[in-house]
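Chemist: Sharing a structure, written as structure tokens. Questions coming.
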Amino acid sequence: MGSSGSKREISDEEIKKIHQTVEFSEEEIRRWFKGFHDKCPKGKMTKDEFAKMYSEMFSTGDVSFFAGHVFRTFDKNKDDYLNFREFIEGLSIISRGTREDKLRWAFEMYNVDGGRVVTKKEMMEIVKSIFQAAGNTVNLPPDENTPDKLTYKIFAHLDKNDDGTITLDEFISGAKSYPTFLRMLENPASVR
């Protein structure tokens, strides 16, 4: 534990606390902790480090913009770094959370400015980042195969009161009844 560059150990007590808030076993938490600290010995991950890790998983296009949005939703204390707990809690939601948990998390990601609603501009920003990440491999029907077309269609389906914004309730109920959008939320790579 001595120098700042050495691997930090995680106590059984920390493991148990984290285990209460995530869908990973205690052994999985230990493995993720080791991997996190192998990549980030100081115990903090930057947005660039996160984007690099993300690009190793999805290598078809430029994932940096999309990864930045994922990073923003993981960074709960808004200090521009991910500590292990922020990382593992975010990872737990997107990989093993319930559909409701994933939809709430997705709303937070689409809600770029942190307000109470998602605007068309915010929706377009995220949809463009997903298309960027997919590269030239977008495989959607002709009426959904560009960021503009898909954003228009999503808004037409989700904005039930036609006020130009989407609330959390509209987002969740609309996503559940829109298979293309739901598939995209659960797996952004599905636009390929």
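Residues in the structure tokens are numbered from 1 in each chain, the chains being A, B, ... in the order shown, and ligands are numbered from 1 in the order shown.
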Give me, as a ChimeraX atom specification, all polymer residues having an atom no more than 9 Å from region 76-88 of chain A, counting only C-alpha atoms and skipping those fewer than 3 positions away in the same chain.
Modeler: /A:18,22,24,29,32-33,36-37,43-47,50,71-73,91-93
Chemist: Given the selection you just returned, output its residues as a file containing N, CA, C and O atoms, formatted as a PDB file, in the first residue's frame.
Modeler:
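To be explicit, this is the file written out as again-v4.pdb:
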```pdb
ATOM      1  N   ILE A  18     -20.534  -1.899  -0.950  1.00  0.00           N
ATOM      2  CA  ILE A  18     -20.751  -1.783  -2.392  1.00  0.00           C
ATOM      3  C   ILE A  18     -21.726  -2.853  -2.860  1.00  0.00           C
ATOM      4  O   ILE A  18     -22.626  -2.592  -3.669  1.00  0.00           O
ATOM      5  N   VAL A  22     -25.100  -2.761  -5.707  1.00  0.00           N
ATOM      6  CA  VAL A  22     -24.851  -3.221  -7.075  1.00  0.00           C
ATOM      7  C   VAL A  22     -25.343  -4.650  -7.271  1.00  0.00           C
ATOM      8  O   VAL A  22     -25.614  -5.355  -6.303  1.00  0.00           O
ATOM      9  N   PHE A  24     -23.543  -7.104  -8.548  1.00  0.00           N
ATOM     10  CA  PHE A  24     -22.367  -7.946  -8.715  1.00  0.00           C
ATOM     11  C   PHE A  24     -22.103  -8.702  -7.409  1.00  0.00           C
ATOM     12  O   PHE A  24     -22.384  -8.183  -6.322  1.00  0.00           O
ATOM     13  N   ILE A  29     -16.917  -7.938  -7.537  1.00  0.00           N
ATOM     14  CA  ILE A  29     -16.491  -6.595  -7.115  1.00  0.00           C
ATOM     15  C   ILE A  29     -14.976  -6.576  -6.913  1.00  0.00           C
ATOM     16  O   ILE A  29     -14.302  -5.640  -7.352  1.00  0.00           O
ATOM     17  N   TRP A  32     -13.373  -6.546 -10.378  1.00  0.00           N
ATOM     18  CA  TRP A  32     -13.518  -5.231 -11.006  1.00  0.00           C
ATOM     19  C   TRP A  32     -12.605  -4.210 -10.329  1.00  0.00           C
ATOM     20  O   TRP A  32     -12.015  -3.356 -10.986  1.00  0.00           O
ATOM     21  N   PHE A  33     -12.501  -4.291  -9.012  1.00  0.00           N
ATOM     22  CA  PHE A  33     -11.636  -3.373  -8.274  1.00  0.00           C
ATOM     23  C   PHE A  33     -10.182  -3.518  -8.739  1.00  0.00           C
ATOM     24  O   PHE A  33      -9.508  -2.531  -9.000  1.00  0.00           O
ATOM     25  N   PHE A  36      -9.851  -2.099 -12.221  1.00  0.00           N
ATOM     26  CA  PHE A  36      -9.947  -0.639 -12.171  1.00  0.00           C
ATOM     27  C   PHE A  36      -8.624  -0.047 -11.711  1.00  0.00           C
ATOM     28  O   PHE A  36      -8.095   0.884 -12.310  1.00  0.00           O
ATOM     29  N   HIS A  37      -8.053  -0.612 -10.651  1.00  0.00           N
ATOM     30  CA  HIS A  37      -6.807  -0.076 -10.103  1.00  0.00           C
ATOM     31  C   HIS A  37      -5.585  -0.436 -10.946  1.00  0.00           C
ATOM     32  O   HIS A  37      -4.574   0.267 -10.887  1.00  0.00           O
ATOM     33  N   GLY A  43      -6.619   5.450  -8.356  1.00  0.00           N
ATOM     34  CA  GLY A  43      -7.982   5.272  -7.880  1.00  0.00           C
ATOM     35  C   GLY A  43      -8.994   6.203  -8.509  1.00  0.00           C
ATOM     36  O   GLY A  43     -10.137   6.268  -8.061  1.00  0.00           O
ATOM     37  N   LYS A  44      -8.604   6.918  -9.565  1.00  0.00           N
ATOM     38  CA  LYS A  44      -9.505   7.831 -10.262  1.00  0.00           C
ATOM     39  C   LYS A  44      -9.352   7.617 -11.763  1.00  0.00           C
ATOM     40  O   LYS A  44      -8.237   7.485 -12.255  1.00  0.00           O
ATOM     41  N   MET A  45     -10.476   7.611 -12.457  1.00  0.00           N
ATOM     42  CA  MET A  45     -10.465   7.451 -13.902  1.00  0.00           C
ATOM     43  C   MET A  45     -10.908   8.759 -14.546  1.00  0.00           C
ATOM     44  O   MET A  45     -11.937   9.321 -14.165  1.00  0.00           O
ATOM     45  N   THR A  46     -10.136   9.223 -15.517  1.00  0.00           N
ATOM     46  CA  THR A  46     -10.504  10.438 -16.239  1.00  0.00           C
ATOM     47  C   THR A  46     -11.471  10.101 -17.372  1.00  0.00           C
ATOM     48  O   THR A  46     -11.637   8.934 -17.743  1.00  0.00           O
ATOM     49  N   LYS A  47     -12.075  11.125 -17.941  1.00  0.00           N
ATOM     50  CA  LYS A  47     -12.975  10.935 -19.075  1.00  0.00           C
ATOM     51  C   LYS A  47     -12.225  10.302 -20.249  1.00  0.00           C
ATOM     52  O   LYS A  47     -12.751   9.425 -20.930  1.00  0.00           O
ATOM     53  N   PHE A  50     -11.675   6.645 -19.559  1.00  0.00           N
ATOM     54  CA  PHE A  50     -12.943   5.948 -19.713  1.00  0.00           C
ATOM     55  C   PHE A  50     -13.262   5.750 -21.192  1.00  0.00           C
ATOM     56  O   PHE A  50     -13.671   4.657 -21.610  1.00  0.00           O
ATOM     57  N   PHE A  71     -19.850   8.665 -19.193  1.00  0.00           N
ATOM     58  CA  PHE A  71     -18.992   9.118 -18.101  1.00  0.00           C
ATOM     59  C   PHE A  71     -19.736  10.145 -17.237  1.00  0.00           C
ATOM     60  O   PHE A  71     -19.717  10.063 -16.007  1.00  0.00           O
ATOM     61  N   ARG A  72     -20.396  11.108 -17.885  1.00  0.00           N
ATOM     62  CA  ARG A  72     -21.111  12.161 -17.163  1.00  0.00           C
ATOM     63  C   ARG A  72     -22.169  11.573 -16.233  1.00  0.00           C
ATOM     64  O   ARG A  72     -22.335  12.031 -15.104  1.00  0.00           O
ATOM     65  N   THR A  73     -22.861  10.527 -16.677  1.00  0.00           N
ATOM     66  CA  THR A  73     -23.900   9.944 -15.827  1.00  0.00           C
ATOM     67  C   THR A  73     -23.319   9.103 -14.700  1.00  0.00           C
ATOM     68  O   THR A  73     -23.940   8.970 -13.654  1.00  0.00           O
ATOM     69  N   LEU A  91     -21.770   0.809 -13.879  1.00  0.00           N
ATOM     70  CA  LEU A  91     -21.644  -0.428 -14.641  1.00  0.00           C
ATOM     71  C   LEU A  91     -22.742  -1.421 -14.257  1.00  0.00           C
ATOM     72  O   LEU A  91     -23.312  -2.104 -15.117  1.00  0.00           O
ATOM     73  N   SER A  92     -23.060  -1.487 -12.992  1.00  0.00           N
ATOM     74  CA  SER A  92     -24.098  -2.396 -12.513  1.00  0.00           C
ATOM     75  C   SER A  92     -25.453  -2.054 -13.132  1.00  0.00           C
ATOM     76  O   SER A  92     -26.189  -2.942 -13.576  1.00  0.00           O
ATOM     77  N   ILE A  93     -25.774  -0.775 -13.183  1.00  0.00           N
ATOM     78  CA  ILE A  93     -27.061  -0.366 -13.753  1.00  0.00           C
ATOM     79  C   ILE A  93     -27.133  -0.734 -15.230  1.00  0.00           C
ATOM     80  O   ILE A  93     -28.103  -1.342 -15.673  1.00  0.00           O
TER      81      ILE A  93
END
```
Chemist: For Ser129 (chain A), which of A:Trp105, A:Tyr152, A:Tyr110, A:Phe171 is the closest residue, counting only C-alpha atoms?
Modeler: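 Ranking A:Trp105, A:Tyr152, A:Tyr110, A:Phe171 by distance to Ser129 (chain A), first place goes to A:Tyr110.
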Chemist: Report, in Å to a single decimal, how far apart CA of Pro141 (chain A) and CA of Asp163 (chain A) are.
Modeler: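 CA of Asp163 (chain A) sits 26.5 Å away from CA of Pro141 (chain A).
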Chemist: Report as a VMD selection string: the residues of region 65-189 of chain A with a DSSP assignment of helix (DSSP H, G or I), based on the backbone of this structure.
Modeler: chain A and resid 65 to 74 84 to 96 99 to 110 120 to 134 142 to 144 147 to 158 168 to 176 179 to 186 188 to 189
Chemist: Rounded to one decimal place, report the CA of Phe131 (chain A)-CA of Pro147 (chain A) distance in Å.
Modeler: 6.9 Å
Chemist: Could you name the residues that touch Val118 (chain A) at 12 Å or less, counting only C-alpha atoms, but leaving out those on the same chain fewer than 2 positions away, as a ChimeraX atom specification?
Modeler: /A:106-116,120-126,151,154-155,158-159,163-171
Chemist: Please measure the separation of CA of Arg30 (chain A) and CA of Glu56 (chain A), giving the value in Å to one decimal.
Modeler: 21.6 Å
Chemist: My list of candidates is A:Asp162, A:Asn187, A:Phe65, A:Thr98. Which is closest to Lys128 (chain A) when distances are computed with only C-alpha atoms?
Modeler: A:Phe65
Chemist: For Glu89 (chain A), which of A:Ile130, A:Gly174, A:Thr21, A:Gly61 is the closest residue, counting only C-alpha atoms?
Modeler: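 Of A:Ile130, A:Gly174, A:Thr21, A:Gly61, the one nearest Glu89 (chain A) is A:Thr21, counting only C-alpha atoms.
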Chemist: For the strand (DSSP E or B) assignment from backbone DSSP, which residues of region 44-144 of chain A qualify? Please present them as a list in words.
Modeler: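 Put together, the selection reads Met45, Leu82, Val118 and Thr119 of chain A.
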Chemist: Would you mind exporting the chosen residues as an mmCIF file, in the first residue's frame, restricted to N, CA and C atoms?
Modeler:
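Printed below is again_4.cif as written:
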```cif
data_model
loop_
_atom_site.group_PDB
_atom_site.id
_atom_site.type_symbol
_atom_site.label_atom_id
_atom_site.label_comp_id
_atom_site.auth_asym_id
_atom_site.auth_seq_id
_atom_site.Cartn_x
_atom_site.Cartn_y
_atom_site.Cartn_z
ATOM 1 N N MET A 45 -10.476 7.611 -12.457
ATOM 2 C CA MET A 45 -10.465 7.451 -13.902
ATOM 3 C C MET A 45 -10.908 8.759 -14.546
ATOM 4 N N LEU A 82 -13.938 9.412 -12.181
ATOM 5 C CA LEU A 82 -14.726 8.316 -11.623
ATOM 6 C C LEU A 82 -13.896 7.616 -10.576
ATOM 7 N N VAL A 118 -36.110 16.201 -21.240
ATOM 8 C CA VAL A 118 -35.194 16.043 -22.363
ATOM 9 C C VAL A 118 -35.764 16.853 -23.520
ATOM 10 N N THR A 119 -34.931 17.699 -24.100
ATOM 11 C CA THR A 119 -35.339 18.501 -25.248
ATOM 12 C C THR A 119 -34.921 17.806 -26.544
#
```
Chemist: Between A:Glu23, A:Glu186, A:Glu28, A:Glu49, which has the minimum distance to Gly68 (chain A) (counting only C-alpha atoms)?
Modeler: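 Going through A:Glu23, A:Glu186, A:Glu28, A:Glu49 one by one, the smallest distance to Gly68 (chain A) is for A:Glu49.
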